[in-house]
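**Q** mmCIF, C-alpha atoms, saved as protein.cif, coming up:
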```cif
data_final
loop_
_atom_site.group_PDB
_atom_site.id
_atom_site.type_symbol
_atom_site.label_atom_id
_atom_site.label_comp_id
_atom_site.auth_asym_id
_atom_site.auth_seq_id
_atom_site.Cartn_x
_atom_site.Cartn_y
_atom_site.Cartn_z
ATOM 1 C CA MET A 21 -77.677 -121.544 17.623
ATOM 2 C CA GLU A 22 -74.740 -119.928 19.386
ATOM 3 C CA HIS A 23 -71.910 -122.100 20.612
ATOM 4 C CA PRO A 24 -70.387 -121.347 24.014
ATOM 5 C CA VAL A 25 -67.078 -119.517 24.075
ATOM 6 C CA PRO A 26 -64.493 -122.220 24.793
ATOM 7 C CA HIS A 27 -62.399 -122.324 27.908
ATOM 8 C CA THR A 28 -58.878 -122.479 26.489
ATOM 9 C CA ALA A 29 -56.397 -124.177 28.803
ATOM 10 C CA GLY A 30 -52.818 -124.429 27.596
ATOM 11 C CA ILE A 31 -50.758 -127.599 27.999
ATOM 12 C CA LEU A 32 -46.942 -127.596 28.173
ATOM 13 C CA TYR A 33 -45.930 -131.191 27.510
ATOM 14 C CA PRO A 34 -42.399 -132.643 27.590
ATOM 15 C CA GLY A 35 -41.340 -134.586 24.507
ATOM 16 C CA TYR A 36 -43.573 -137.182 22.881
ATOM 17 C CA SER A 37 -45.290 -140.136 24.556
ATOM 18 C CA ALA A 38 -48.963 -139.774 25.573
ATOM 19 C CA GLU A 39 -49.730 -136.277 24.325
ATOM 20 C CA ASP A 40 -52.639 -137.725 22.328
ATOM 21 C CA ASP A 41 -54.486 -138.059 25.651
ATOM 22 C CA TYR A 42 -55.262 -134.323 25.384
ATOM 23 C CA PRO A 43 -57.245 -134.461 22.114
ATOM 24 C CA THR A 44 -59.101 -137.395 23.694
ATOM 25 C CA LEU A 45 -59.811 -135.339 26.798
ATOM 26 C CA GLN A 46 -60.912 -132.353 24.712
ATOM 27 C CA ARG A 47 -63.333 -134.546 22.732
ATOM 28 C CA LEU A 48 -64.804 -136.061 25.901
ATOM 29 C CA LEU A 49 -65.079 -132.698 27.635
ATOM 30 C CA GLY A 50 -67.103 -131.100 24.858
ATOM 31 C CA GLU A 51 -67.135 -128.174 22.480
ATOM 32 C CA ASP A 52 -66.746 -125.509 25.176
ATOM 33 C CA VAL A 53 -63.189 -126.672 25.933
ATOM 34 C CA ARG A 54 -59.924 -126.268 24.032
ATOM 35 C CA LEU A 55 -56.634 -127.811 25.155
ATOM 36 C CA PRO A 56 -53.894 -126.516 22.838
ATOM 37 C CA LEU A 57 -50.577 -128.255 23.485
ATOM 38 C CA VAL A 58 -46.951 -127.278 22.958
ATOM 39 C CA HIS A 59 -44.131 -129.795 23.217
ATOM 40 C CA THR A 60 -41.222 -128.628 25.369
ATOM 41 C CA LEU A 61 -37.613 -129.600 24.811
ATOM 42 C CA MET A 62 -36.513 -132.955 26.201
ATOM 43 C CA ARG A 63 -32.759 -133.289 25.770
ATOM 44 C CA GLU A 64 -32.764 -136.739 27.366
ATOM 45 C CA ASP A 65 -35.780 -138.984 27.842
ATOM 46 C CA ALA A 66 -35.071 -140.456 31.249
ATOM 47 C CA HIS A 67 -36.895 -140.786 34.556
ATOM 48 C CA ARG A 68 -33.680 -139.886 36.332
ATOM 49 C CA VAL A 69 -33.349 -136.921 38.655
ATOM 50 C CA ASP A 70 -30.667 -135.029 36.717
ATOM 51 C CA ALA A 71 -32.528 -135.431 33.420
ATOM 52 C CA LEU A 72 -35.815 -134.402 35.034
ATOM 53 C CA LEU A 73 -34.284 -131.259 36.501
ATOM 54 C CA ASP A 74 -33.253 -130.275 32.969
ATOM 55 C CA ILE A 75 -36.665 -131.172 31.498
ATOM 56 C CA GLY A 76 -38.304 -128.836 34.016
ATOM 57 C CA SER A 77 -35.706 -126.087 33.869
ATOM 58 C CA GLU A 78 -36.687 -122.424 33.755
ATOM 59 C CA GLN A 79 -35.538 -121.673 30.195
ATOM 60 C CA VAL A 80 -37.089 -124.804 28.699
ATOM 61 C CA LEU A 81 -40.473 -123.963 30.206
ATOM 62 C CA ALA A 82 -40.236 -120.278 29.322
ATOM 63 C CA ASP A 83 -39.567 -121.090 25.664
ATOM 64 C CA GLY A 84 -42.574 -123.403 25.553
ATOM 65 C CA ALA A 85 -44.799 -120.908 27.347
ATOM 66 C CA ARG A 86 -44.078 -118.144 24.852
ATOM 67 C CA GLU A 87 -45.142 -120.420 22.024
ATOM 68 C CA LEU A 88 -48.245 -121.506 23.938
ATOM 69 C CA LEU A 89 -49.338 -117.894 24.441
ATOM 70 C CA GLU A 90 -49.806 -117.620 20.670
ATOM 71 C CA HIS A 91 -52.815 -119.956 21.037
ATOM 72 C CA GLY A 92 -54.845 -117.471 23.099
ATOM 73 C CA VAL A 93 -54.842 -119.576 26.250
ATOM 74 C CA GLN A 94 -56.469 -118.516 29.518
ATOM 75 C CA SER A 95 -54.317 -120.681 31.777
ATOM 76 C CA VAL A 96 -51.161 -122.793 31.584
ATOM 77 C CA ILE A 97 -50.249 -126.160 33.083
ATOM 78 C CA TRP A 98 -46.775 -127.684 33.079
ATOM 79 C CA ALA A 99 -47.987 -131.202 32.316
ATOM 80 C CA CYS A 100 -45.123 -133.171 33.811
ATOM 81 C CA THR A 101 -45.367 -134.684 37.268
ATOM 82 C CA SER A 102 -41.801 -135.883 37.717
ATOM 83 C CA GLY A 103 -40.419 -132.729 36.089
ATOM 84 C CA SER A 104 -42.026 -130.721 38.873
ATOM 85 C CA PHE A 105 -41.937 -132.789 42.073
ATOM 86 C CA VAL A 106 -38.194 -133.562 41.729
ATOM 87 C CA PHE A 107 -37.595 -129.905 42.575
ATOM 88 C CA GLY A 108 -39.163 -130.443 46.002
ATOM 89 C CA ARG A 109 -42.170 -128.606 47.387
ATOM 90 C CA ARG A 110 -40.487 -125.201 47.493
ATOM 91 C CA GLY A 111 -38.691 -125.672 44.189
ATOM 92 C CA ALA A 112 -41.894 -126.769 42.452
ATOM 93 C CA ARG A 113 -43.652 -123.663 43.749
ATOM 94 C CA GLU A 114 -40.810 -121.473 42.463
ATOM 95 C CA GLN A 115 -40.981 -123.281 39.113
ATOM 96 C CA VAL A 116 -44.655 -122.343 38.763
ATOM 97 C CA GLU A 117 -44.056 -118.771 39.911
ATOM 98 C CA LYS A 118 -41.293 -118.264 37.325
ATOM 99 C CA LEU A 119 -43.449 -119.783 34.620
ATOM 100 C CA GLN A 120 -46.359 -117.564 35.617
ATOM 101 C CA ALA A 121 -44.099 -114.528 35.353
ATOM 102 C CA VAL A 122 -43.651 -115.447 31.684
ATOM 103 C CA THR A 123 -47.281 -116.276 30.966
ATOM 104 C CA GLY A 124 -48.994 -113.560 32.976
ATOM 105 C CA LEU A 125 -51.772 -116.131 33.412
ATOM 106 C CA PRO A 126 -52.968 -118.522 36.103
ATOM 107 C CA THR A 127 -50.350 -121.283 35.983
ATOM 108 C CA SER A 128 -49.732 -124.598 37.730
ATOM 109 C CA SER A 129 -48.088 -127.989 37.295
ATOM 110 C CA THR A 130 -49.237 -131.594 37.415
ATOM 111 C CA SER A 131 -47.734 -132.171 40.861
ATOM 112 C CA PHE A 132 -49.868 -129.396 42.347
ATOM 113 C CA ALA A 133 -52.813 -130.614 40.267
ATOM 114 C CA PHE A 134 -52.690 -133.933 42.131
ATOM 115 C CA VAL A 135 -52.718 -132.114 45.472
ATOM 116 C CA HIS A 136 -55.607 -129.847 44.462
ATOM 117 C CA ALA A 137 -57.583 -132.752 42.986
ATOM 118 C CA ALA A 138 -57.126 -134.770 46.184
ATOM 119 C CA ALA A 139 -58.368 -131.801 48.206
ATOM 120 C CA ARG A 140 -61.360 -131.395 45.902
ATOM 121 C CA LEU A 141 -62.351 -135.029 46.528
ATOM 122 C CA GLY A 142 -61.556 -134.899 50.252
ATOM 123 C CA LEU A 143 -58.945 -137.652 50.030
ATOM 124 C CA ARG A 144 -56.790 -138.475 53.047
ATOM 125 C CA ARG A 145 -55.159 -141.820 52.224
ATOM 126 C CA VAL A 146 -53.985 -142.818 48.753
ATOM 127 C CA ALA A 147 -52.169 -145.578 46.943
ATOM 128 C CA VAL A 148 -49.644 -144.658 44.242
ATOM 129 C CA ALA A 149 -49.024 -146.786 41.155
ATOM 130 C CA ALA A 150 -46.036 -145.126 39.507
ATOM 131 C CA THR A 151 -44.373 -146.153 36.272
ATOM 132 C CA TYR A 152 -41.109 -144.520 37.440
ATOM 133 C CA PRO A 153 -38.029 -146.120 38.982
ATOM 134 C CA ALA A 154 -38.321 -146.495 42.760
ATOM 135 C CA ASP A 155 -36.148 -143.499 43.701
ATOM 136 C CA VAL A 156 -38.160 -141.096 41.540
ATOM 137 C CA ALA A 157 -41.476 -142.544 42.737
ATOM 138 C CA ALA A 158 -40.373 -141.965 46.336
ATOM 139 C CA GLU A 159 -39.926 -138.251 45.556
ATOM 140 C CA PHE A 160 -43.605 -138.069 44.573
ATOM 141 C CA VAL A 161 -44.599 -139.619 47.895
ATOM 142 C CA THR A 162 -42.574 -136.986 49.735
ATOM 143 C CA PHE A 163 -44.330 -134.266 47.745
ATOM 144 C CA LEU A 164 -47.770 -135.631 48.622
ATOM 145 C CA GLN A 165 -46.886 -136.051 52.286
ATOM 146 C CA ALA A 166 -45.865 -132.390 52.476
ATOM 147 C CA ASP A 167 -49.516 -131.564 51.808
ATOM 148 C CA GLY A 168 -50.849 -133.944 54.432
ATOM 149 C CA LEU A 169 -51.739 -136.913 52.255
ATOM 150 C CA GLU A 170 -50.969 -140.349 53.669
ATOM 151 C CA VAL A 171 -49.564 -142.767 51.092
ATOM 152 C CA VAL A 172 -50.550 -146.238 52.255
ATOM 153 C CA ARG A 173 -48.946 -148.058 49.341
ATOM 154 C CA LEU A 174 -46.312 -147.168 46.738
ATOM 155 C CA SER A 175 -45.611 -149.320 43.704
ATOM 156 C CA SER A 176 -43.067 -148.495 41.015
ATOM 157 C CA ARG A 177 -42.842 -150.164 37.627
ATOM 158 C CA GLY A 178 -39.237 -149.080 37.070
ATOM 159 C CA ILE A 179 -39.562 -147.761 33.515
ATOM 160 C CA ILE A 180 -36.779 -145.365 32.576
ATOM 161 C CA THR A 181 -38.135 -143.586 29.489
ATOM 162 C CA ALA A 182 -41.385 -141.740 28.844
ATOM 163 C CA ALA A 183 -41.418 -143.238 25.353
ATOM 164 C CA GLU A 184 -41.675 -146.754 26.793
ATOM 165 C CA VAL A 185 -44.390 -145.726 29.247
ATOM 166 C CA GLY A 186 -46.365 -144.352 26.314
ATOM 167 C CA THR A 187 -46.491 -147.792 24.686
ATOM 168 C CA LEU A 188 -48.529 -149.322 27.546
ATOM 169 C CA GLY A 189 -52.010 -150.150 26.306
ATOM 170 C CA ARG A 190 -55.430 -150.478 27.881
ATOM 171 C CA GLU A 191 -55.048 -153.986 29.273
ATOM 172 C CA GLU A 192 -51.640 -153.208 30.784
ATOM 173 C CA VAL A 193 -52.850 -149.969 32.374
ATOM 174 C CA LEU A 194 -55.953 -151.598 33.858
ATOM 175 C CA ALA A 195 -53.909 -154.528 35.177
ATOM 176 C CA PHE A 196 -51.261 -152.205 36.641
ATOM 177 C CA ALA A 197 -53.933 -150.242 38.495
ATOM 178 C CA ALA A 198 -55.688 -153.355 39.802
ATOM 179 C CA ALA A 199 -52.474 -154.940 41.033
ATOM 180 C CA ASN A 200 -51.366 -151.866 42.967
ATOM 181 C CA ASP A 201 -54.474 -150.584 44.714
ATOM 182 C CA ASP A 202 -54.891 -150.882 48.470
ATOM 183 C CA ASP A 203 -58.078 -151.394 50.465
ATOM 184 C CA ARG A 204 -56.974 -148.696 52.920
ATOM 185 C CA ALA A 205 -56.701 -146.069 50.154
ATOM 186 C CA ASP A 206 -59.464 -143.586 49.356
ATOM 187 C CA ALA A 207 -58.142 -143.363 45.791
ATOM 188 C CA LEU A 208 -55.406 -144.595 43.463
ATOM 189 C CA LEU A 209 -52.966 -142.093 41.941
ATOM 190 C CA MET A 210 -51.112 -142.818 38.671
ATOM 191 C CA PRO A 211 -48.569 -139.997 38.355
ATOM 192 C CA ASP A 212 -47.020 -140.008 34.871
ATOM 193 C CA THR A 213 -48.203 -137.835 31.971
ATOM 194 C CA ALA A 214 -46.408 -140.300 29.670
ATOM 195 C CA LEU A 215 -49.052 -142.906 30.591
ATOM 196 C CA HIS A 216 -52.176 -143.124 28.438
ATOM 197 C CA THR A 217 -55.301 -143.142 30.628
ATOM 198 C CA ALA A 218 -57.807 -140.616 29.251
ATOM 199 C CA ALA A 219 -59.938 -143.104 27.326
ATOM 200 C CA TRP A 220 -60.091 -145.554 30.245
ATOM 201 C CA LEU A 221 -60.825 -143.372 33.274
ATOM 202 C CA GLU A 222 -64.333 -144.705 33.806
ATOM 203 C CA GLU A 223 -63.112 -148.295 33.414
ATOM 204 C CA LEU A 224 -60.347 -147.719 35.928
ATOM 205 C CA GLU A 225 -62.764 -146.390 38.535
ATOM 206 C CA GLU A 226 -65.365 -149.068 37.878
ATOM 207 C CA GLN A 227 -62.685 -151.726 38.263
ATOM 208 C CA LEU A 228 -61.428 -150.393 41.610
ATOM 209 C CA GLY A 229 -64.681 -148.991 42.976
ATOM 210 C CA LYS A 230 -63.015 -145.712 43.957
ATOM 211 C CA PRO A 231 -61.617 -142.534 42.396
ATOM 212 C CA VAL A 232 -58.548 -142.911 40.203
ATOM 213 C CA LEU A 233 -56.472 -139.802 39.585
ATOM 214 C CA THR A 234 -54.156 -139.910 36.575
ATOM 215 C CA ALA A 235 -51.609 -137.352 35.476
ATOM 216 C CA ASN A 236 -53.167 -136.179 32.223
ATOM 217 C CA GLN A 237 -56.634 -136.163 33.789
ATOM 218 C CA VAL A 238 -55.615 -133.943 36.720
ATOM 219 C CA SER A 239 -53.528 -131.715 34.436
ATOM 220 C CA ALA A 240 -56.542 -130.960 32.237
ATOM 221 C CA TRP A 241 -58.767 -130.505 35.298
ATOM 222 C CA GLU A 242 -56.315 -128.085 36.918
ATOM 223 C CA ALA A 243 -55.828 -126.090 33.741
ATOM 224 C CA LEU A 244 -59.593 -125.780 33.257
ATOM 225 C CA ARG A 245 -60.048 -124.835 36.911
ATOM 226 C CA LEU A 246 -57.571 -122.009 36.402
ATOM 227 C CA ALA A 247 -59.327 -121.000 33.172
ATOM 228 C CA GLY A 248 -62.548 -120.548 35.130
ATOM 229 C CA ALA A 249 -64.445 -123.613 33.895
ATOM 230 C CA GLN A 250 -66.813 -124.769 36.647
ATOM 231 C CA GLN A 251 -69.110 -127.268 34.948
ATOM 232 C CA ALA A 252 -69.232 -130.826 36.261
ATOM 233 C CA ARG A 253 -68.705 -133.345 33.453
ATOM 234 C CA ASP A 254 -69.356 -137.040 33.018
ATOM 235 C CA GLY A 255 -67.132 -139.664 31.416
ATOM 236 C CA LEU A 256 -63.807 -138.660 32.959
ATOM 237 C CA GLY A 257 -63.972 -140.036 36.473
ATOM 238 C CA GLU A 258 -65.157 -138.772 39.830
ATOM 239 C CA LEU A 259 -62.840 -135.754 39.704
ATOM 240 C CA PHE A 260 -64.594 -134.179 36.716
ATOM 241 C CA ARG A 261 -68.011 -135.167 38.050
ATOM 242 C CA SER A 262 -67.160 -133.065 41.114
ATOM 243 C CA GLY A 263 -66.579 -129.942 39.002
ATOM 244 C CA THR A 264 -63.672 -127.587 39.573
ATOM 245 C CA GLY A 265 -64.949 -124.872 41.868
ATOM 246 C CA GLY A 266 -63.879 -122.435 39.176
ATOM 247 C CA GLU A 267 -61.137 -120.838 41.294
ATOM 248 C CA ARG A 268 -58.837 -118.847 39.024
ATOM 249 C CA SER A 269 -56.048 -118.305 41.543
ATOM 250 C CA GLY A 270 -52.602 -118.542 39.986
ATOM 251 C CA SER A 271 -51.005 -119.712 43.217
ATOM 252 C CA PRO A 272 -49.823 -123.322 43.351
ATOM 253 C CA ASP A 273 -50.616 -123.527 47.069
#
```
As structure tokens - that is how I would like this structure written.
**A**
Amino acid sequence: MEHPVPHTAGILYPGYSAEDDYPTLQRLLGEDVRLPLVHTLMREDAHRVDALLDIGSEQVLADGARELLEHGVQSVIWACTSGSFVFGRRGAREQVEKLQAVTGLPTSSTSFAFVHAAARLGLRRVAVAATYPADVAAEFVTFLQADGLEVVRLSSRGIITAAEVGTLGREEVLAFAAANDDDRADALLMPDTALHTAAWLEELEEQLGKPVLTANQVSAWEALRLAGAQQARDGLGELFRSGTGGERSGSPD
């Protein structure tokens, strides 16, 4: 019996915190998916604007991308929400364009993945449960608003380091989501790739009774969309059940 040729979507991931979400996602997605991951340089682990601008800097991403290309990837995602949206809408687009110039492949970032995922699900109003400090979380709201999404509630947990975010377990993540949803919201967004969520996506949605979009989930979805994977998949929330549309455009817009 022949096995399907895998869709190979490359993950650029800053430092070390919740990168083990990607093997979990790959296992849940099935044998036709590969998600090779390269860790990018993180000189300082801090959810602070100056540190995030360095984490998402052109040279850091280019170095990681060159290593990722050795894995035979078909697309690339910069899997860092805060390390993309802190550049602003225009700066985040330029970040992706410069990275794509290195990869020569369809390329995006987690910030744009949230926007594209929201569009896929037809979302208009969202709540945001962010682990970041309040000033960084507010930058994410601005990014979403630039694409026409209404943020009806913003909550910030105020955690400075990705390493600390990565220690939050199932009960804490479920409780954080439940405490920061809003009845007016079509969905809840949890925008930190340092936050483990992959194994609990179905629980999160069952608990809230609505779609929940998390950073590692949308990153994998976006990367697979750009790799041409179209199949709808169960077990990873409403977003994956909706499929990807299979659009292989490299544009972040």
**Q** Counting only C-alpha atoms, which of A:Leu221, A:Val232, A:Val106, A:Cys100 gets nearest to Asp254 in chain A?
**A**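 Closest to Asp254 in chain A of all the choices is A:Leu221.
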**Q** So what does the PyMOL selection byres ((chain A and resi 120) around 12) actually pick up in this one, as a VMD selection string?
**A** chain A and resid 78 81 to 82 85 to 86 89 94 to 98 113 to 119 121 to 129 269 to 272
**Q** Give the answer as one residue: which of A:Ser131, A:Thr187, A:Asn236, A:Thr60 has the shortest atom-to-atom distance to Val161 in chain A, using only C-alpha atoms?
**A**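 Looking only at the distances to Val161 in chain A, the closest residue turns out to be A:Ser131.
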**Q** Starting from the displayed file, determine the output of the PyMOL selection byres ((chain A and resi 136-150) around 7) and express the residue list as a PDB file with C-alpha atoms, in the coordinates of the input.
**A**
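What ended up in expr26.pdb:
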```pdb
ATOM      1  CA  PHE A 132     -49.868-129.396  42.347  1.00  0.00           C
ATOM      2  CA  ALA A 133     -52.813-130.614  40.267  1.00  0.00           C
ATOM      3  CA  PHE A 134     -52.690-133.933  42.131  1.00  0.00           C
ATOM      4  CA  VAL A 135     -52.718-132.114  45.472  1.00  0.00           C
ATOM      5  CA  THR A 151     -44.373-146.153  36.272  1.00  0.00           C
ATOM      6  CA  TYR A 152     -41.109-144.520  37.440  1.00  0.00           C
ATOM      7  CA  ALA A 157     -41.476-142.544  42.737  1.00  0.00           C
ATOM      8  CA  LEU A 169     -51.739-136.913  52.255  1.00  0.00           C
ATOM      9  CA  GLU A 170     -50.969-140.349  53.669  1.00  0.00           C
ATOM     10  CA  VAL A 171     -49.564-142.767  51.092  1.00  0.00           C
ATOM     11  CA  VAL A 172     -50.550-146.238  52.255  1.00  0.00           C
ATOM     12  CA  ARG A 173     -48.946-148.058  49.341  1.00  0.00           C
ATOM     13  CA  LEU A 174     -46.312-147.168  46.738  1.00  0.00           C
ATOM     14  CA  SER A 175     -45.611-149.320  43.704  1.00  0.00           C
ATOM     15  CA  SER A 176     -43.067-148.495  41.015  1.00  0.00           C
ATOM     16  CA  ARG A 177     -42.842-150.164  37.627  1.00  0.00           C
ATOM     17  CA  ALA A 197     -53.933-150.242  38.495  1.00  0.00           C
ATOM     18  CA  ASN A 200     -51.366-151.866  42.967  1.00  0.00           C
ATOM     19  CA  ASP A 201     -54.474-150.584  44.714  1.00  0.00           C
ATOM     20  CA  ASP A 202     -54.891-150.882  48.470  1.00  0.00           C
ATOM     21  CA  ALA A 205     -56.701-146.069  50.154  1.00  0.00           C
ATOM     22  CA  ASP A 206     -59.464-143.586  49.356  1.00  0.00           C
ATOM     23  CA  ALA A 207     -58.142-143.363  45.791  1.00  0.00           C
ATOM     24  CA  LEU A 208     -55.406-144.595  43.463  1.00  0.00           C
ATOM     25  CA  LEU A 209     -52.966-142.093  41.941  1.00  0.00           C
ATOM     26  CA  MET A 210     -51.112-142.818  38.671  1.00  0.00           C
ATOM     27  CA  PRO A 211     -48.569-139.997  38.355  1.00  0.00           C
ATOM     28  CA  ASP A 212     -47.020-140.008  34.871  1.00  0.00           C
ATOM     29  CA  VAL A 238     -55.615-133.943  36.720  1.00  0.00           C
ATOM     30  CA  LEU A 259     -62.840-135.754  39.704  1.00  0.00           C
TER      31      LEU A 259
END
```
**Q** What are the centre and the three edge lengths of an axis-aligned box that wraps all atoms of range 122-128 of chain A in the file, given that 3 Å is added to every side, written as JSON and rounded to one decimal in Å?
**A**
```
{"center_x": -48.3, "center_y": -119.1, "center_z": 34.3, "size_x": 15.3, "size_y": 17.0, "size_z": 12.8}
```
**Q** Could you check the closest approach to Asp74 in chain A for each of A:Thr162, A:Ser104, A:Gln237, A:Gln46 and tell me which residue wins, using only C-alpha atoms?
**A**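 Smallest separation from Asp74 in chain A among the options: A:Ser104.
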**Q** Which residue, A:Ile180, A:Val93, A:Ala219, A:Ala154, has the smallest gap to Asp41 in chain A when you use all atoms listed in the file?
**A**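 Under the stated criterion, the closest residue is A:Ala219.
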**Q** What would the selection look like, as a PDB file with C-alpha atoms, keeping the file's coordinate frame, if the PyMOL selection byres ((chain A and resi 64) around 12) were run on the coordinates I just shared?
**A**
```pdb
ATOM      1  CA  PRO A  34     -42.399-132.643  27.590  1.00  0.00           C
ATOM      2  CA  GLY A  35     -41.340-134.586  24.507  1.00  0.00           C
ATOM      3  CA  TYR A  36     -43.573-137.182  22.881  1.00  0.00           C
ATOM      4  CA  THR A  60     -41.222-128.628  25.369  1.00  0.00           C
ATOM      5  CA  LEU A  61     -37.613-129.600  24.811  1.00  0.00           C
ATOM      6  CA  MET A  62     -36.513-132.955  26.201  1.00  0.00           C
ATOM      7  CA  ARG A  63     -32.759-133.289  25.770  1.00  0.00           C
ATOM      8  CA  ASP A  65     -35.780-138.984  27.842  1.00  0.00           C
ATOM      9  CA  ALA A  66     -35.071-140.456  31.249  1.00  0.00           C
ATOM     10  CA  HIS A  67     -36.895-140.786  34.556  1.00  0.00           C
ATOM     11  CA  ARG A  68     -33.680-139.886  36.332  1.00  0.00           C
ATOM     12  CA  VAL A  69     -33.349-136.921  38.655  1.00  0.00           C
ATOM     13  CA  ASP A  70     -30.667-135.029  36.717  1.00  0.00           C
ATOM     14  CA  ALA A  71     -32.528-135.431  33.420  1.00  0.00           C
ATOM     15  CA  LEU A  72     -35.815-134.402  35.034  1.00  0.00           C
ATOM     16  CA  LEU A  73     -34.284-131.259  36.501  1.00  0.00           C
ATOM     17  CA  ASP A  74     -33.253-130.275  32.969  1.00  0.00           C
ATOM     18  CA  ILE A  75     -36.665-131.172  31.498  1.00  0.00           C
ATOM     19  CA  GLY A  76     -38.304-128.836  34.016  1.00  0.00           C
ATOM     20  CA  ILE A 180     -36.779-145.365  32.576  1.00  0.00           C
ATOM     21  CA  THR A 181     -38.135-143.586  29.489  1.00  0.00           C
ATOM     22  CA  ALA A 182     -41.385-141.740  28.844  1.00  0.00           C
ATOM     23  CA  ALA A 183     -41.418-143.238  25.353  1.00  0.00           C
TER      24      ALA A 183
END
```
**Q** State, in Å with one decimal place, the distance from CA of Ile31 in chain A to CA of Ala252 in chain A.
**A**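 Straight-line distance from CA of Ile31 in chain A to CA of Ala252 in chain A works out to 20.5 Å.
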